[in-house]
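Q: Sharing query28.pdb here; it has PDB, N, CA and C atoms, pLDDT in the B column.
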ATOM      1  N   MET A 221      50.963  50.027  -8.693  1.00 94.00           N
ATOM      2  CA  MET A 221      49.813  49.393  -9.294  1.00 94.00           C
ATOM      3  C   MET A 221      50.280  48.727 -10.591  1.00 94.00           C
ATOM      4  N   VAL A 222      49.913  47.470 -10.782  1.00 96.00           N
ATOM      5  CA  VAL A 222      50.282  46.724 -11.980  1.00 96.00           C
ATOM      6  C   VAL A 222      49.247  46.991 -13.068  1.00 96.00           C
ATOM      7  N   LEU A 223      49.712  47.450 -14.226  1.00 96.00           N
ATOM      8  CA  LEU A 223      48.822  47.690 -15.360  1.00 96.00           C
ATOM      9  C   LEU A 223      48.671  46.452 -16.231  1.00 96.00           C
ATOM     10  N   GLU A 224      49.776  45.716 -16.404  1.00 97.00           N
ATOM     11  CA  GLU A 224      49.770  44.554 -17.300  1.00 97.00           C
ATOM     12  C   GLU A 224      50.924  43.642 -16.935  1.00 97.00           C
ATOM     13  N   GLN A 225      50.801  42.353 -17.279  1.00 96.00           N
ATOM     14  CA  GLN A 225      51.841  41.365 -17.010  1.00 96.00           C
ATOM     15  C   GLN A 225      52.151  40.626 -18.302  1.00 96.00           C
ATOM     16  N   PHE A 226      53.440  40.399 -18.561  1.00 95.00           N
ATOM     17  CA  PHE A 226      53.877  39.708 -19.770  1.00 95.00           C
ATOM     18  C   PHE A 226      54.841  38.597 -19.392  1.00 95.00           C
ATOM     19  N   PRO A 227      54.731  37.410 -20.002  1.00 93.00           N
ATOM     20  CA  PRO A 227      55.666  36.323 -19.691  1.00 93.00           C
ATOM     21  C   PRO A 227      57.086  36.708 -20.112  1.00 93.00           C
ATOM     22  N   ALA A 228      58.062  36.258 -19.329  1.00 91.00           N
ATOM     23  CA  ALA A 228      59.454  36.599 -19.604  1.00 91.00           C
ATOM     24  C   ALA A 228      60.005  35.812 -20.795  1.00 91.00           C
ATOM     25  N   GLY A 229      59.410  34.721 -21.147  1.00 83.00           N
ATOM     26  CA  GLY A 229      59.930  33.872 -22.213  1.00 83.00           C
ATOM     27  C   GLY A 229      59.380  34.183 -23.586  1.00 83.00           C
ATOM     28  N   GLY A 230      59.234  35.439 -23.924  1.00 75.00           N
ATOM     29  CA  GLY A 230      58.714  35.819 -25.237  1.00 75.00           C
ATOM     30  C   GLY A 230      59.694  35.530 -26.349  1.00 75.00           C
ATOM     31  N   PRO A 231      59.256  35.640 -27.591  1.00 76.00           N
ATOM     32  CA  PRO A 231      60.141  35.391 -28.734  1.00 76.00           C
ATOM     33  C   PRO A 231      61.341  36.336 -28.727  1.00 76.00           C
ATOM     34  N   ARG A 232      62.450  35.849 -29.238  1.00 80.00           N
ATOM     35  CA  ARG A 232      63.667  36.651 -29.291  1.00 80.00           C
ATOM     36  C   ARG A 232      63.422  37.926 -30.089  1.00 80.00           C
ATOM     37  N   GLY A 233      63.863  39.045 -29.529  1.00 79.00           N
ATOM     38  CA  GLY A 233      63.699  40.327 -30.197  1.00 79.00           C
ATOM     39  C   GLY A 233      62.350  40.975 -29.947  1.00 79.00           C
ATOM     40  N   SER A 234      61.486  40.306 -29.186  1.00 83.00           N
ATOM     41  CA  SER A 234      60.165  40.843 -28.873  1.00 83.00           C
ATOM     42  C   SER A 234      60.203  41.451 -27.478  1.00 83.00           C
ATOM     43  N   TRP A 235      59.707  42.669 -27.336  1.00 91.00           N
ATOM     44  CA  TRP A 235      59.701  43.365 -26.062  1.00 91.00           C
ATOM     45  C   TRP A 235      58.303  43.900 -25.776  1.00 91.00           C
ATOM     46  N   PRO A 236      57.298  43.035 -25.618  1.00 94.00           N
ATOM     47  CA  PRO A 236      55.922  43.523 -25.461  1.00 94.00           C
ATOM     48  C   PRO A 236      55.712  44.383 -24.219  1.00 94.00           C
ATOM     49  N   ALA A 237      56.383  44.078 -23.126  1.00 95.00           N
ATOM     50  CA  ALA A 237      56.208  44.885 -21.913  1.00 95.00           C
ATOM     51  C   ALA A 237      56.753  46.291 -22.138  1.00 95.00           C
ATOM     52  N   GLU A 238      57.915  46.396 -22.753  1.00 95.00           N
ATOM     53  CA  GLU A 238      58.505  47.703 -23.033  1.00 95.00           C
ATOM     54  C   GLU A 238      57.635  48.500 -24.003  1.00 95.00           C
ATOM     55  N   GLU A 239      57.092  47.825 -25.011  1.00 95.00           N
ATOM     56  CA  GLU A 239      56.225  48.499 -25.982  1.00 95.00           C
ATOM     57  C   GLU A 239      54.944  48.990 -25.327  1.00 95.00           C
ATOM     58  N   PHE A 240      54.375  48.169 -24.437  1.00 96.00           N
ATOM     59  CA  PHE A 240      53.162  48.559 -23.724  1.00 96.00           C
ATOM     60  C   PHE A 240      53.438  49.771 -22.835  1.00 96.00           C
ATOM     61  N   ALA A 241      54.556  49.731 -22.094  1.00 97.00           N
ATOM     62  CA  ALA A 241      54.914  50.840 -21.213  1.00 97.00           C
ATOM     63  C   ALA A 241      55.168  52.110 -22.018  1.00 97.00           C
ATOM     64  N   LEU A 242      55.825  51.992 -23.154  1.00 97.00           N
ATOM     65  CA  LEU A 242      56.086  53.149 -24.008  1.00 97.00           C
ATOM     66  C   LEU A 242      54.779  53.782 -24.472  1.00 97.00           C
ATOM     67  N   ALA A 243      53.816  52.955 -24.856  1.00 97.00           N
ATOM     68  CA  ALA A 243      52.515  53.471 -25.294  1.00 97.00           C
ATOM     69  C   ALA A 243      51.800  54.186 -24.146  1.00 97.00           C
ATOM     70  N   ARG A 244      51.889  53.642 -22.913  1.00 97.00           N
ATOM     71  CA  ARG A 244      51.266  54.292 -21.766  1.00 97.00           C
ATOM     72  C   ARG A 244      51.949  55.629 -21.466  1.00 97.00           C
ATOM     73  N   ARG A 245      53.288  55.672 -21.585  1.00 97.00           N
ATOM     74  CA  ARG A 245      53.999  56.931 -21.348  1.00 97.00           C
ATOM     75  C   ARG A 245      53.625  57.972 -22.395  1.00 97.00           C
ATOM     76  N   ALA A 246      53.386  57.543 -23.625  1.00 97.00           N
ATOM     77  CA  ALA A 246      52.953  58.468 -24.679  1.00 97.00           C
ATOM     78  C   ALA A 246      51.589  59.067 -24.350  1.00 97.00           C
ATOM     79  N   GLU A 247      50.787  58.348 -23.563  1.00 96.00           N
ATOM     80  CA  GLU A 247      49.480  58.833 -23.119  1.00 96.00           C
ATOM     81  C   GLU A 247      49.581  59.686 -21.853  1.00 96.00           C
ATOM     82  N   GLY A 248      50.795  59.821 -21.314  1.00 96.00           N
ATOM     83  CA  GLY A 248      50.983  60.636 -20.121  1.00 96.00           C
ATOM     84  C   GLY A 248      51.017  59.855 -18.822  1.00 96.00           C
ATOM     85  N   CYS A 249      50.979  58.549 -18.899  1.00 96.00           N
ATOM     86  CA  CYS A 249      51.016  57.702 -17.702  1.00 96.00           C
ATOM     87  C   CYS A 249      52.472  57.300 -17.444  1.00 96.00           C
ATOM     88  N   PRO A 250      52.992  57.531 -16.242  1.00 96.00           N
ATOM     89  CA  PRO A 250      54.409  57.241 -15.978  1.00 96.00           C
ATOM     90  C   PRO A 250      54.692  55.756 -15.748  1.00 96.00           C
ATOM     91  N   ALA A 251      54.397  54.922 -16.731  1.00 97.00           N
ATOM     92  CA  ALA A 251      54.562  53.475 -16.615  1.00 97.00           C
ATOM     93  C   ALA A 251      56.024  53.072 -16.766  1.00 97.00           C
ATOM     94  N   GLU A 252      56.405  52.017 -16.031  1.00 97.00           N
ATOM     95  CA  GLU A 252      57.734  51.463 -16.161  1.00 97.00           C
ATOM     96  C   GLU A 252      57.657  49.945 -16.054  1.00 97.00           C
ATOM     97  N   VAL A 253      58.700  49.270 -16.521  1.00 97.00           N
ATOM     98  CA  VAL A 253      58.737  47.816 -16.527  1.00 97.00           C
ATOM     99  C   VAL A 253      59.634  47.321 -15.401  1.00 97.00           C
ATOM    100  N   VAL A 254      59.139  46.343 -14.656  1.00 97.00           N
ATOM    101  CA  VAL A 254      59.926  45.689 -13.621  1.00 97.00           C
ATOM    102  C   VAL A 254      59.814  44.174 -13.818  1.00 97.00           C
ATOM    103  N   MET A 255      60.788  43.452 -13.274  1.00 96.00           N
ATOM    104  CA  MET A 255      60.804  41.997 -13.390  1.00 96.00           C
ATOM    105  C   MET A 255      60.281  41.373 -12.111  1.00 96.00           C
ATOM    106  N   ASP A 256      59.324  40.467 -12.243  1.00 96.00           N
ATOM    107  CA  ASP A 256      58.840  39.669 -11.116  1.00 96.00           C
ATOM    108  C   ASP A 256      59.539  38.315 -11.230  1.00 96.00           C
ATOM    109  N   LEU A 257      60.600  38.128 -10.448  1.00 95.00           N
ATOM    110  CA  LEU A 257      61.403  36.910 -10.552  1.00 95.00           C
ATOM    111  C   LEU A 257      60.616  35.662 -10.168  1.00 95.00           C
ATOM    112  N   GLU A 258      59.782  35.765  -9.154  1.00 95.00           N
ATOM    113  CA  GLU A 258      59.011  34.598  -8.708  1.00 95.00           C
ATOM    114  C   GLU A 258      58.035  34.123  -9.776  1.00 95.00           C
ATOM    115  N   ALA A 259      57.413  35.053 -10.485  1.00 94.00           N
ATOM    116  CA  ALA A 259      56.443  34.701 -11.522  1.00 94.00           C
ATOM    117  C   ALA A 259      57.096  34.550 -12.893  1.00 94.00           C
ATOM    118  N   ASP A 260      58.402  34.877 -12.998  1.00 94.00           N
ATOM    119  CA  ASP A 260      59.122  34.859 -14.272  1.00 94.00           C
ATOM    120  C   ASP A 260      58.350  35.657 -15.319  1.00 94.00           C
ATOM    121  N   ALA A 261      58.048  36.910 -14.946  1.00 96.00           N
ATOM    122  CA  ALA A 261      57.251  37.771 -15.808  1.00 96.00           C
ATOM    123  C   ALA A 261      57.717  39.220 -15.681  1.00 96.00           C
ATOM    124  N   PHE A 262      57.432  39.979 -16.727  1.00 96.00           N
ATOM    125  CA  PHE A 262      57.665  41.415 -16.698  1.00 96.00           C
ATOM    126  C   PHE A 262      56.350  42.091 -16.359  1.00 96.00           C
ATOM    127  N   LEU A 263      56.394  43.045 -15.437  1.00 97.00           N
ATOM    128  CA  LEU A 263      55.206  43.784 -15.044  1.00 97.00           C
ATOM    129  C   LEU A 263      55.350  45.235 -15.480  1.00 97.00           C
ATOM    130  N   VAL A 264      54.277  45.774 -16.031  1.00 98.00           N
ATOM    131  CA  VAL A 264      54.237  47.204 -16.334  1.00 98.00           C
ATOM    132  C   VAL A 264      53.496  47.843 -15.168  1.00 98.00           C
ATOM    133  N   VAL A 265      54.194  48.732 -14.476  1.00 97.00           N
ATOM    134  CA  VAL A 265      53.659  49.290 -13.240  1.00 97.00           C
ATOM    135  C   VAL A 265      53.661  50.812 -13.264  1.00 97.00           C
ATOM    136  N   VAL A 266      52.814  51.375 -12.395  1.00 96.00           N
ATOM    137  CA  VAL A 266      52.793  52.810 -12.128  1.00 96.00           C
ATOM    138  C   VAL A 266      52.870  52.943 -10.618  1.00 96.00           C
ATOM    139  N   ALA A 267      53.817  53.727 -10.139  1.00 87.00           N
ATOM    140  CA  ALA A 267      53.963  53.932  -8.703  1.00 87.00           C
ATOM    141  C   ALA A 267      52.776  54.721  -8.183  1.00 87.00           C
ATOM    142  N   GLN A 268      52.247  54.305  -7.029  1.00 79.00           N
ATOM    143  CA  GLN A 268      51.152  55.028  -6.395  1.00 79.00           C
ATOM    144  C   GLN A 268      51.727  56.184  -5.592  1.00 79.00           C
ATOM    145  N   ARG A 269      51.053  57.294  -5.639  1.00 70.00           N
ATOM    146  CA  ARG A 269      51.445  58.429  -4.794  1.00 70.00           C
ATOM    147  C   ARG A 269      51.068  58.132  -3.354  1.00 70.00           C
ATOM    148  N   ALA A 270      51.762  58.752  -2.430  1.00 59.00           N
ATOM    149  CA  ALA A 270      51.532  58.507  -1.003  1.00 59.00           C
ATOM    150  C   ALA A 270      50.086  58.782  -0.607  1.00 59.00           C
ATOM    151  N   THR A 271      49.466  59.812  -1.174  1.00 55.00           N
ATOM    152  CA  THR A 271      48.082  60.130  -0.827  1.00 55.00           C
ATOM    153  C   THR A 271      47.129  59.061  -1.331  1.00 55.00           C
ATOM    154  N   GLU A 272      47.412  58.474  -2.493  1.00 56.00           N
ATOM    155  CA  GLU A 272      46.560  57.409  -3.022  1.00 56.00           C
ATOM    156  C   GLU A 272      46.721  56.151  -2.200  1.00 56.00           C
ATOM    157  N   ALA A 273      47.952  55.785  -1.857  1.00 54.00           N
ATOM    158  CA  ALA A 273      48.215  54.570  -1.091  1.00 54.00           C
ATOM    159  C   ALA A 273      47.599  54.681   0.307  1.00 54.00           C
ATOM    160  N   GLY A 274      47.644  55.852   0.907  1.00 56.00           N
ATOM    161  CA  GLY A 274      47.104  56.041   2.243  1.00 56.00           C
ATOM    162  C   GLY A 274      45.589  56.044   2.289  1.00 56.00           C
ATOM    163  N   SER A 275      44.945  56.384   1.174  1.00 54.00           N
ATOM    164  CA  SER A 275      43.489  56.480   1.177  1.00 54.00           C
ATOM    165  C   SER A 275      42.805  55.172   0.827  1.00 54.00           C
ATOM    166  N   GLN A 276      43.552  54.174   0.335  1.00 55.00           N
ATOM    167  CA  GLN A 276      42.927  52.904  -0.025  1.00 55.00           C
ATOM    168  C   GLN A 276      42.534  52.143   1.226  1.00 55.00           C
ATOM    169  N   GLY A 277      41.438  51.452   1.145  1.00 53.00           N
ATOM    170  CA  GLY A 277      40.964  50.671   2.259  1.00 53.00           C
ATOM    171  C   GLY A 277      40.108  51.471   3.242  1.00 53.00           C
ATOM    172  N   ARG A 278      39.971  52.745   3.010  1.00 47.00           N
ATOM    173  CA  ARG A 278      39.112  53.571   3.867  1.00 47.00           C
ATOM    174  C   ARG A 278      37.769  53.773   3.196  1.00 47.00           C
ATOM    175  N   GLY A 279      36.754  54.013   3.996  1.00 45.00           N
ATOM    176  CA  GLY A 279      35.471  54.388   3.406  1.00 45.00           C
ATOM    177  C   GLY A 279      34.441  53.465   3.690  1.00 45.00           C
TER     178      GLY A 279
END
Translate the structure of the given file into structure tokens.

A:
Amino acid sequence: MVLEQFPAGGPRGSWPAEEFALARRAEGCPAEVVMDLEADAFLVVVAQRATEAGSQGRG
């Protein structure tokens, strides 16, 4: 699940995606940063558990 998206071309020395992910981890959320090459953006994501992924779309 994508929590936030940040453009890859940020100012030199600026790491907004990493800072956002760090703040989420401090809150107990296992967020991590990945690169979306097609969108040229950094995504802050949380992996879905198998039970959550399997239950979506039902109901």

Q: I'd like the neighbourhood of Val254 (chain A) as a list in words, where a residue qualifies if any of its atoms comes within 7 Å (using all atoms listed in the file), though same-chain residues fewer than 5 positions away should be ignored.

A: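 Near Val254 (chain A), the qualifying residues are Ala261, Phe262, Leu263, Val264 and Val265 of chain A.
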
Q: Using all atoms listed in the file, which of the listed residues (A:Val222, A:Ala267, A:Ala237, A:Ala228) sits closest to Pro250 (chain A)?

A: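 Looking at the shortest contact to Pro250 (chain A), the residue is A:Ala267.
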
Q: Among chain A, which ones does DSSP assign to strand (DSSP E or B) (computed from the backbone)? Answer as a PDB file with N, CA and C atoms, keeping the file's coordinate frame.

A:
ATOM      1  N   VAL A 222      49.913  47.470 -10.782  1.00 96.00           N
ATOM      2  CA  VAL A 222      50.282  46.724 -11.980  1.00 96.00           C
ATOM      3  C   VAL A 222      49.247  46.991 -13.068  1.00 96.00           C
ATOM      4  N   LEU A 223      49.712  47.450 -14.226  1.00 96.00           N
ATOM      5  CA  LEU A 223      48.822  47.690 -15.360  1.00 96.00           C
ATOM      6  C   LEU A 223      48.671  46.452 -16.231  1.00 96.00           C
ATOM      7  N   GLU A 224      49.776  45.716 -16.404  1.00 97.00           N
ATOM      8  CA  GLU A 224      49.770  44.554 -17.300  1.00 97.00           C
ATOM      9  C   GLU A 224      50.924  43.642 -16.935  1.00 97.00           C
ATOM     10  N   GLN A 225      50.801  42.353 -17.279  1.00 96.00           N
ATOM     11  CA  GLN A 225      51.841  41.365 -17.010  1.00 96.00           C
ATOM     12  C   GLN A 225      52.151  40.626 -18.302  1.00 96.00           C
ATOM     13  N   PHE A 226      53.440  40.399 -18.561  1.00 95.00           N
ATOM     14  CA  PHE A 226      53.877  39.708 -19.770  1.00 95.00           C
ATOM     15  C   PHE A 226      54.841  38.597 -19.392  1.00 95.00           C
ATOM     16  N   PRO A 227      54.731  37.410 -20.002  1.00 93.00           N
ATOM     17  CA  PRO A 227      55.666  36.323 -19.691  1.00 93.00           C
ATOM     18  C   PRO A 227      57.086  36.708 -20.112  1.00 93.00           C
ATOM     19  N   GLU A 252      56.405  52.017 -16.031  1.00 97.00           N
ATOM     20  CA  GLU A 252      57.734  51.463 -16.161  1.00 97.00           C
ATOM     21  C   GLU A 252      57.657  49.945 -16.054  1.00 97.00           C
ATOM     22  N   VAL A 253      58.700  49.270 -16.521  1.00 97.00           N
ATOM     23  CA  VAL A 253      58.737  47.816 -16.527  1.00 97.00           C
ATOM     24  C   VAL A 253      59.634  47.321 -15.401  1.00 97.00           C
ATOM     25  N   VAL A 254      59.139  46.343 -14.656  1.00 97.00           N
ATOM     26  CA  VAL A 254      59.926  45.689 -13.621  1.00 97.00           C
ATOM     27  C   VAL A 254      59.814  44.174 -13.818  1.00 97.00           C
ATOM     28  N   MET A 255      60.788  43.452 -13.274  1.00 96.00           N
ATOM     29  CA  MET A 255      60.804  41.997 -13.390  1.00 96.00           C
ATOM     30  C   MET A 255      60.281  41.373 -12.111  1.00 96.00           C
ATOM     31  N   ASP A 256      59.324  40.467 -12.243  1.00 96.00           N
ATOM     32  CA  ASP A 256      58.840  39.669 -11.116  1.00 96.00           C
ATOM     33  C   ASP A 256      59.539  38.315 -11.230  1.00 96.00           C
ATOM     34  N   ALA A 261      58.048  36.910 -14.946  1.00 96.00           N
ATOM     35  CA  ALA A 261      57.251  37.771 -15.808  1.00 96.00           C
ATOM     36  C   ALA A 261      57.717  39.220 -15.681  1.00 96.00           C
ATOM     37  N   PHE A 262      57.432  39.979 -16.727  1.00 96.00           N
ATOM     38  CA  PHE A 262      57.665  41.415 -16.698  1.00 96.00           C
ATOM     39  C   PHE A 262      56.350  42.091 -16.359  1.00 96.00           C
ATOM     40  N   LEU A 263      56.394  43.045 -15.437  1.00 97.00           N
ATOM     41  CA  LEU A 263      55.206  43.784 -15.044  1.00 97.00           C
ATOM     42  C   LEU A 263      55.350  45.235 -15.480  1.00 97.00           C
ATOM     43  N   VAL A 264      54.277  45.774 -16.031  1.00 98.00           N
ATOM     44  CA  VAL A 264      54.237  47.204 -16.334  1.00 98.00           C
ATOM     45  C   VAL A 264      53.496  47.843 -15.168  1.00 98.00           C
ATOM     46  N   VAL A 265      54.194  48.732 -14.476  1.00 97.00           N
ATOM     47  CA  VAL A 265      53.659  49.290 -13.240  1.00 97.00           C
ATOM     48  C   VAL A 265      53.661  50.812 -13.264  1.00 97.00           C
TER      49      VAL A 265
END

Q: DSSP says helix (DSSP H, G or I) for which residues of region 227-276 of chain A? Put them as an MDAnalysis selection string?

A: chainID A and resid 236:246 270:275

Q: Build an axis-aligned box that encloses every atom of region 230-239 of chain A listed in the file, pad it by 8 Å on each side, and report its centre and edge lengths in Å to one decimal, as lines of an AutoDock Vina configuration file.

A:
center_x = 59.4
center_y = 42.2
center_z = -26.1
size_x = 24.9
size_y = 29.6
size_z = 24.3

Q: Please indicate the distance in Å from CA of Pro231 (chain A) to CA of Ala259 (chain A), rounded to one decimal place.

A: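 For CA of Pro231 (chain A) relative to CA of Ala259 (chain A), the distance reads 17.6 Å.
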
Q: When you draw a straight line from CA of Arg269 (chain A) to atom C of Cys249 (chain A), how long is it in Å?

A: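 Answer for the CA of Arg269 (chain A) to atom C of Cys249 (chain A) separation: 12.7 Å.
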
Q: Rounded to one decimal in Å, what is the spacing between CA of Met221 (chain A) and CA of Ser234 (chain A)?

A: 23.7 Å

Q: Write out as a PyMOL selection string each polymer residue whose atoms come within 10 Å of Arg244 (chain A), counting only C-alpha atoms; drop sequence neighbours fewer than 6 positions from it.

A: chain A and resi 223+238+250-252+264+266
